[in-house]
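Participant: Structure below; questions to follow.
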Amino acid sequence: MRIALLVPAPLHAVSGGNAYDRALLDGLRAAGHEAQAIEGAAAFDSLPADVLPVIDGRALPAFIDRAAAMAARRTIGLLHHPIAPESGATGAAGRSLMPLLSRVIATSHAVAAQLAADFGIDVAVVEPGTADLPRSPGSGGPDCAILSVGALVPRKGHDVLLRALGKLFDLNWHLTIVGSAGRDPVHAHALQALAERLGITRRVSFAGEVAPARLESLWRGADIFALATYWEGYGTTIAEALKRGIPVAITAGGGAGALVTPLSGVVCAPGDEVTLSKSLRRLIFDRDLRRTTADAAWAEGQALPDWPSQGRLFAAAL
């Protein structure tokens, strides 16, 4: 099968959607298919007839003037997030172009359920695979090292996490937040100001986007992974934490909570900083509990699907 995955540029930018797309292409190629990424919509018009176009939902606004061309050939949609609740160009394009898609594939059951409810369509699900990763030994230090990975945007709930940790002034911990500040500079500045108001600036590092080697080092030294997200289509970083055997403390926005069991971590309601704070207190204070939870996270992480199998599943869904 020849497949063209049309994605928003640039594909190398750090995001969960881009990571899914890059790994999916590798998985499809490993399964024997000819798969290429195309950034932008211009090349759609000249795709050979034997190439199946798969449009990443984030790129749909660029196709608003190509509705006729989409209707004239079999076109697949790959959705990382629901469309109907979104505002602006992405939502408008999605609502107008969804009926033209021959097939829709979602990256989680939570996204598929929302799309089915909003558009009354059958949606296939191909969840992300997770790479084979080494177990994280943790920090080994006196402070509990907490890692959070996600762009500094309101949806990720970093403000909730900061307020939850700000209540734990009597415990030894340090939080590192990895994520770009460029998508919402105003919110990123507000997060830094919040840390100052809470008196925890020395306990919080805003690392920004980091090189792969630096991120790997942070993963290896993490004692807890925390993410107070309001919505995740799947929760790629949460799956990676489990795969590495790191205890997880999250809020259950979208499909994120489905990955974590009571043995491998704690799951709180979105925005519930009080419960999240109490849960983090137990994990930070009780090293034995942390070790037991880490063992469970490691066991559950090994059961997550890999990318070769998900590439085959995606090809079957096409």
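So you can find residues: chains in the structure tokens are A, B, ... in the order shown, residues in each start at 1, and ligands are numbered from 1 in order.
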Determine, counting only C-alpha atoms, which protein, DNA and RNA residues have an atom within 12 Å of an atom of Ala211 of chain A; residues of the same chain fewer than 5 positions away are not included. Present the result as a PDB file with C-alpha atoms, in the first residue's frame.

Facilitator:
```pdb
ATOM      1  CA  ALA A  13       8.322  20.017  16.195  1.00  0.00           C
ATOM      2  CA  VAL A  14       7.851  18.611  19.694  1.00  0.00           C
ATOM      3  CA  VAL A 178       9.547  20.160  30.176  1.00  0.00           C
ATOM      4  CA  GLY A 179       7.550  21.952  27.498  1.00  0.00           C
ATOM      5  CA  GLU A 216      16.318  11.020  28.553  1.00  0.00           C
ATOM      6  CA  SER A 217      18.379  12.052  31.570  1.00  0.00           C
ATOM      7  CA  LEU A 218      15.313  13.650  33.181  1.00  0.00           C
TER       8      LEU A 218
END
```

Participant: Could you tell me, as a ChimeraX atom specification, which residues of segment 54-147 of chain A DSSP assigns to helix (DSSP H, G or I) when given the backbone?

Facilitator: /A:57-71,88-100,109-119

Participant: Would you export the selected residues with N, CA and C atoms as an mmCIF file, in the first residue's frame, please?

Facilitator:
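Ended up saving to out00.cif:
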```
data_model
loop_
_atom_site.group_PDB
_atom_site.id
_atom_site.type_symbol
_atom_site.label_atom_id
_atom_site.label_comp_id
_atom_site.auth_asym_id
_atom_site.auth_seq_id
_atom_site.Cartn_x
_atom_site.Cartn_y
_atom_site.Cartn_z
ATOM 1 N N GLY A 57 -5.784 15.482 11.366
ATOM 2 C CA GLY A 57 -6.855 16.435 11.645
ATOM 3 C C GLY A 57 -6.370 17.835 11.956
ATOM 4 N N ARG A 58 -5.162 17.960 12.496
ATOM 5 C CA ARG A 58 -4.614 19.277 12.804
ATOM 6 C C ARG A 58 -4.316 20.070 11.544
ATOM 7 N N ALA A 59 -4.214 19.384 10.387
ATOM 8 C CA ALA A 59 -3.929 20.055 9.120
ATOM 9 C C ALA A 59 -5.193 20.384 8.335
ATOM 10 N N LEU A 60 -6.364 20.002 8.839
ATOM 11 C CA LEU A 60 -7.605 20.193 8.091
ATOM 12 C C LEU A 60 -7.873 21.641 7.669
ATOM 13 N N PRO A 61 -7.555 22.663 8.475
ATOM 14 C CA PRO A 61 -7.819 24.028 8.006
ATOM 15 C C PRO A 61 -7.181 24.349 6.662
ATOM 16 N N ALA A 62 -6.041 23.720 6.360
ATOM 17 C CA ALA A 62 -5.361 23.988 5.096
ATOM 18 C C ALA A 62 -6.091 23.367 3.904
ATOM 19 N N PHE A 63 -7.075 22.501 4.177
ATOM 20 C CA PHE A 63 -7.780 21.808 3.100
ATOM 21 C C PHE A 63 -9.164 22.396 2.825
ATOM 22 N N ILE A 64 -9.477 23.497 3.462
ATOM 23 C CA ILE A 64 -10.815 24.042 3.336
ATOM 24 C C ILE A 64 -11.154 24.422 1.893
ATOM 25 N N ASP A 65 -10.147 24.781 1.081
ATOM 26 C CA ASP A 65 -10.376 25.125 -0.325
ATOM 27 C C ASP A 65 -10.220 23.921 -1.241
ATOM 28 N N ARG A 66 -10.025 22.752 -0.673
ATOM 29 C CA ARG A 66 -9.829 21.547 -1.474
ATOM 30 C C ARG A 66 -10.939 20.526 -1.217
ATOM 31 N N ALA A 67 -12.093 21.017 -0.830
ATOM 32 C CA ALA A 67 -13.206 20.118 -0.529
ATOM 33 C C ALA A 67 -13.583 19.274 -1.738
ATOM 34 N N ALA A 68 -13.623 19.881 -2.914
ATOM 35 C CA ALA A 68 -14.000 19.138 -4.121
ATOM 36 C C ALA A 68 -12.989 18.046 -4.427
ATOM 37 N N ALA A 69 -11.706 18.365 -4.260
ATOM 38 C CA ALA A 69 -10.657 17.381 -4.518
ATOM 39 C C ALA A 69 -10.735 16.239 -3.518
ATOM 40 N N MET A 70 -11.056 16.542 -2.258
ATOM 41 C CA MET A 70 -11.209 15.497 -1.258
ATOM 42 C C MET A 70 -12.379 14.590 -1.585
ATOM 43 N N ALA A 71 -13.469 15.180 -2.039
ATOM 44 C CA ALA A 71 -14.668 14.404 -2.345
ATOM 45 C C ALA A 71 -14.468 13.497 -3.557
ATOM 46 N N GLY A 88 -12.677 28.316 16.231
ATOM 47 C CA GLY A 88 -11.709 28.844 15.289
ATOM 48 C C GLY A 88 -11.626 28.016 14.019
ATOM 49 N N ALA A 89 -10.497 28.201 13.295
ATOM 50 C CA ALA A 89 -10.350 27.609 11.973
ATOM 51 C C ALA A 89 -10.374 26.087 12.008
ATOM 52 N N THR A 90 -9.721 25.484 13.003
ATOM 53 C CA THR A 90 -9.665 24.029 13.053
ATOM 54 C C THR A 90 -11.054 23.430 13.213
ATOM 55 N N GLY A 91 -11.849 23.995 14.110
ATOM 56 C CA GLY A 91 -13.196 23.488 14.316
ATOM 57 C C GLY A 91 -14.073 23.670 13.097
ATOM 58 N N ALA A 92 -14.027 24.847 12.479
ATOM 59 C CA ALA A 92 -14.846 25.127 11.303
ATOM 60 C C ALA A 92 -14.471 24.208 10.146
ATOM 61 N N ALA A 93 -13.166 24.031 9.925
ATOM 62 C CA ALA A 93 -12.724 23.164 8.842
ATOM 63 C C ALA A 93 -13.136 21.728 9.100
ATOM 64 N N GLY A 94 -12.974 21.287 10.340
ATOM 65 C CA GLY A 94 -13.334 19.923 10.668
ATOM 66 C C GLY A 94 -14.801 19.641 10.447
ATOM 67 N N ARG A 95 -15.655 20.546 10.900
ATOM 68 C CA ARG A 95 -17.096 20.332 10.755
ATOM 69 C C ARG A 95 -17.520 20.289 9.298
ATOM 70 N N SER A 96 -16.874 21.074 8.441
ATOM 71 C CA SER A 96 -17.267 21.108 7.025
ATOM 72 C C SER A 96 -16.643 19.968 6.226
ATOM 73 N N LEU A 97 -15.469 19.510 6.616
ATOM 74 C CA LEU A 97 -14.754 18.507 5.827
ATOM 75 C C LEU A 97 -14.968 17.075 6.308
ATOM 76 N N MET A 98 -15.389 16.894 7.548
ATOM 77 C CA MET A 98 -15.577 15.532 8.066
ATOM 78 C C MET A 98 -16.487 14.676 7.178
ATOM 79 N N PRO A 99 -17.613 15.205 6.654
ATOM 80 C CA PRO A 99 -18.478 14.366 5.820
ATOM 81 C C PRO A 99 -17.812 13.887 4.534
ATOM 82 N N LEU A 100 -16.712 14.519 4.130
ATOM 83 C CA LEU A 100 -16.030 14.153 2.899
ATOM 84 C C LEU A 100 -15.005 13.043 3.094
ATOM 85 N N HIS A 109 -9.911 5.762 22.345
ATOM 86 C CA HIS A 109 -11.350 5.490 22.449
ATOM 87 C C HIS A 109 -12.099 6.733 22.918
ATOM 88 N N ALA A 110 -11.461 7.581 23.714
ATOM 89 C CA ALA A 110 -12.117 8.806 24.166
ATOM 90 C C ALA A 110 -12.393 9.742 22.991
ATOM 91 N N VAL A 111 -11.420 9.883 22.104
ATOM 92 C CA VAL A 111 -11.610 10.728 20.916
ATOM 93 C C VAL A 111 -12.660 10.111 20.001
ATOM 94 N N ALA A 112 -12.596 8.797 19.808
ATOM 95 C CA ALA A 112 -13.553 8.125 18.927
ATOM 96 C C ALA A 112 -14.980 8.288 19.432
ATOM 97 N N ALA A 113 -15.178 8.151 20.738
ATOM 98 C CA ALA A 113 -16.523 8.289 21.303
ATOM 99 C C ALA A 113 -17.074 9.691 21.083
ATOM 100 N N GLN A 114 -16.218 10.707 21.248
ATOM 101 C CA GLN A 114 -16.672 12.078 21.052
ATOM 102 C C GLN A 114 -16.998 12.340 19.583
ATOM 103 N N LEU A 115 -16.161 11.841 18.669
ATOM 104 C CA LEU A 115 -16.419 12.024 17.239
ATOM 105 C C LEU A 115 -17.701 11.315 16.814
ATOM 106 N N ALA A 116 -17.897 10.100 17.336
ATOM 107 C CA ALA A 116 -19.113 9.364 17.008
ATOM 108 C C ALA A 116 -20.352 10.112 17.490
ATOM 109 N N ALA A 117 -20.261 10.691 18.687
ATOM 110 C CA ALA A 117 -21.399 11.434 19.235
ATOM 111 C C ALA A 117 -21.662 12.713 18.454
ATOM 112 N N ASP A 118 -20.597 13.390 18.033
ATOM 113 C CA ASP A 118 -20.750 14.675 17.352
ATOM 114 C C ASP A 118 -21.173 14.539 15.893
ATOM 115 N N PHE A 119 -20.706 13.462 15.227
ATOM 116 C CA PHE A 119 -20.943 13.352 13.793
ATOM 117 C C PHE A 119 -21.743 12.123 13.389
#
```

Participant: Could you check how far atom CA of Ile55 of chain A sits from atom CA of Leu24 of chain A, in Å to one decimal?

Facilitator: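 Atom CA of Leu24 of chain A lies 13.1 Å from atom CA of Ile55 of chain A.
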
Participant: Excluding Asp26 of chain A and any residue of its chain fewer than 3 positions from it, enumerate the residues within 8 Å of it, using only C-alpha atoms, and give them as a PyMOL selection string.

Facilitator: chain A and resi 22-23+29-30+307-308+311

Participant: Given the selection you just returned, output its residues as a file containing N, CA and C atoms, formatted as a short mmCIF file (atom, residue, chain, number, x, y, z; two decimals), in the first residue's frame.

Facilitator:
```
data_model
loop_
_atom_site.label_atom_id
_atom_site.label_comp_id
_atom_site.auth_asym_id
_atom_site.auth_seq_id
_atom_site.Cartn_x
_atom_site.Cartn_y
_atom_site.Cartn_z
N ARG A 22 5.22 10.51 13.38
CA ARG A 22 6.54 10.00 13.02
C ARG A 22 6.66 8.50 13.30
N ALA A 23 6.19 8.09 14.47
CA ALA A 23 6.28 6.67 14.82
C ALA A 23 5.35 5.83 13.95
N ARG A 29 6.07 1.51 7.56
CA ARG A 29 7.19 1.05 6.72
C ARG A 29 7.69 -0.31 7.18
N ALA A 30 7.74 -0.51 8.52
CA ALA A 30 8.17 -1.80 9.05
C ALA A 30 7.22 -2.91 8.64
N TRP A 307 4.98 -0.08 18.49
CA TRP A 307 4.64 0.58 17.23
C TRP A 307 4.55 -0.36 16.03
N PRO A 308 5.37 -1.39 15.93
CA PRO A 308 5.16 -2.31 14.80
C PRO A 308 3.74 -2.89 14.77
N GLY A 311 1.34 -0.15 13.76
CA GLY A 311 1.43 0.12 12.32
C GLY A 311 0.61 -0.87 11.52
#
```

Participant: Would you give me, as an MDAnalysis selection string, the residues in segment 132-276 of chain A that DSSP reads as strand (DSSP E)?

Facilitator: chainID A and resid 144:149 173:178 204:208 224:227 248:251 265:268

Participant: Please determine, counting only C-alpha atoms, which residue among A:Val54, A:Val210, A:Gly120, A:Gly166 has the shortest atom-to-atom distance to Val149 of chain A.

Facilitator: A:Val210

Participant: Considering only C-alpha atoms, can you say which of A:Thr293, A:Thr251, A:Ser15, A:Gln36 comes closest to Val160 of chain A?

Facilitator: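 Ranked by minimum distance to Val160 of chain A, first place goes to A:Thr251.
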
Participant: Residues near Leu175 of chain A, anyone? I mean within 12 Å using only C-alpha atoms, not counting same-chain ones fewer than 5 positions away, as JSON, numbers by chain.

Facilitator: {"A": [143, 144, 145, 146, 147, 148, 149, 158, 161, 162, 164, 165, 166, 195, 200, 201, 202, 203, 204, 205, 206, 207, 218, 221, 222, 223, 224, 225, 226, 227, 280, 284]}

Participant: Can you tell me how far atom CA of Ser136 of chain A sits from atom CA of Arg244 of chain A, in Å to one decimal?

Facilitator: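 Distance between the two atoms: 5.4 Å.
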
Participant: Let me make sure I understand: among A:Val125, A:Ala213, A:Met1, A:Leu259, which one has the smallest atom-to-atom distance to Leu28 of chain A if we use only C-alpha atoms?

Facilitator: A:Met1

Participant: I'd like the contact shell of Val126 of chain A - 8 Å cut-off, only C-alpha atoms, skipping same-chain residues fewer than 3 positions apart - returned as a ChimeraX atom specification.

Facilitator: /A:105-108,310,313-314
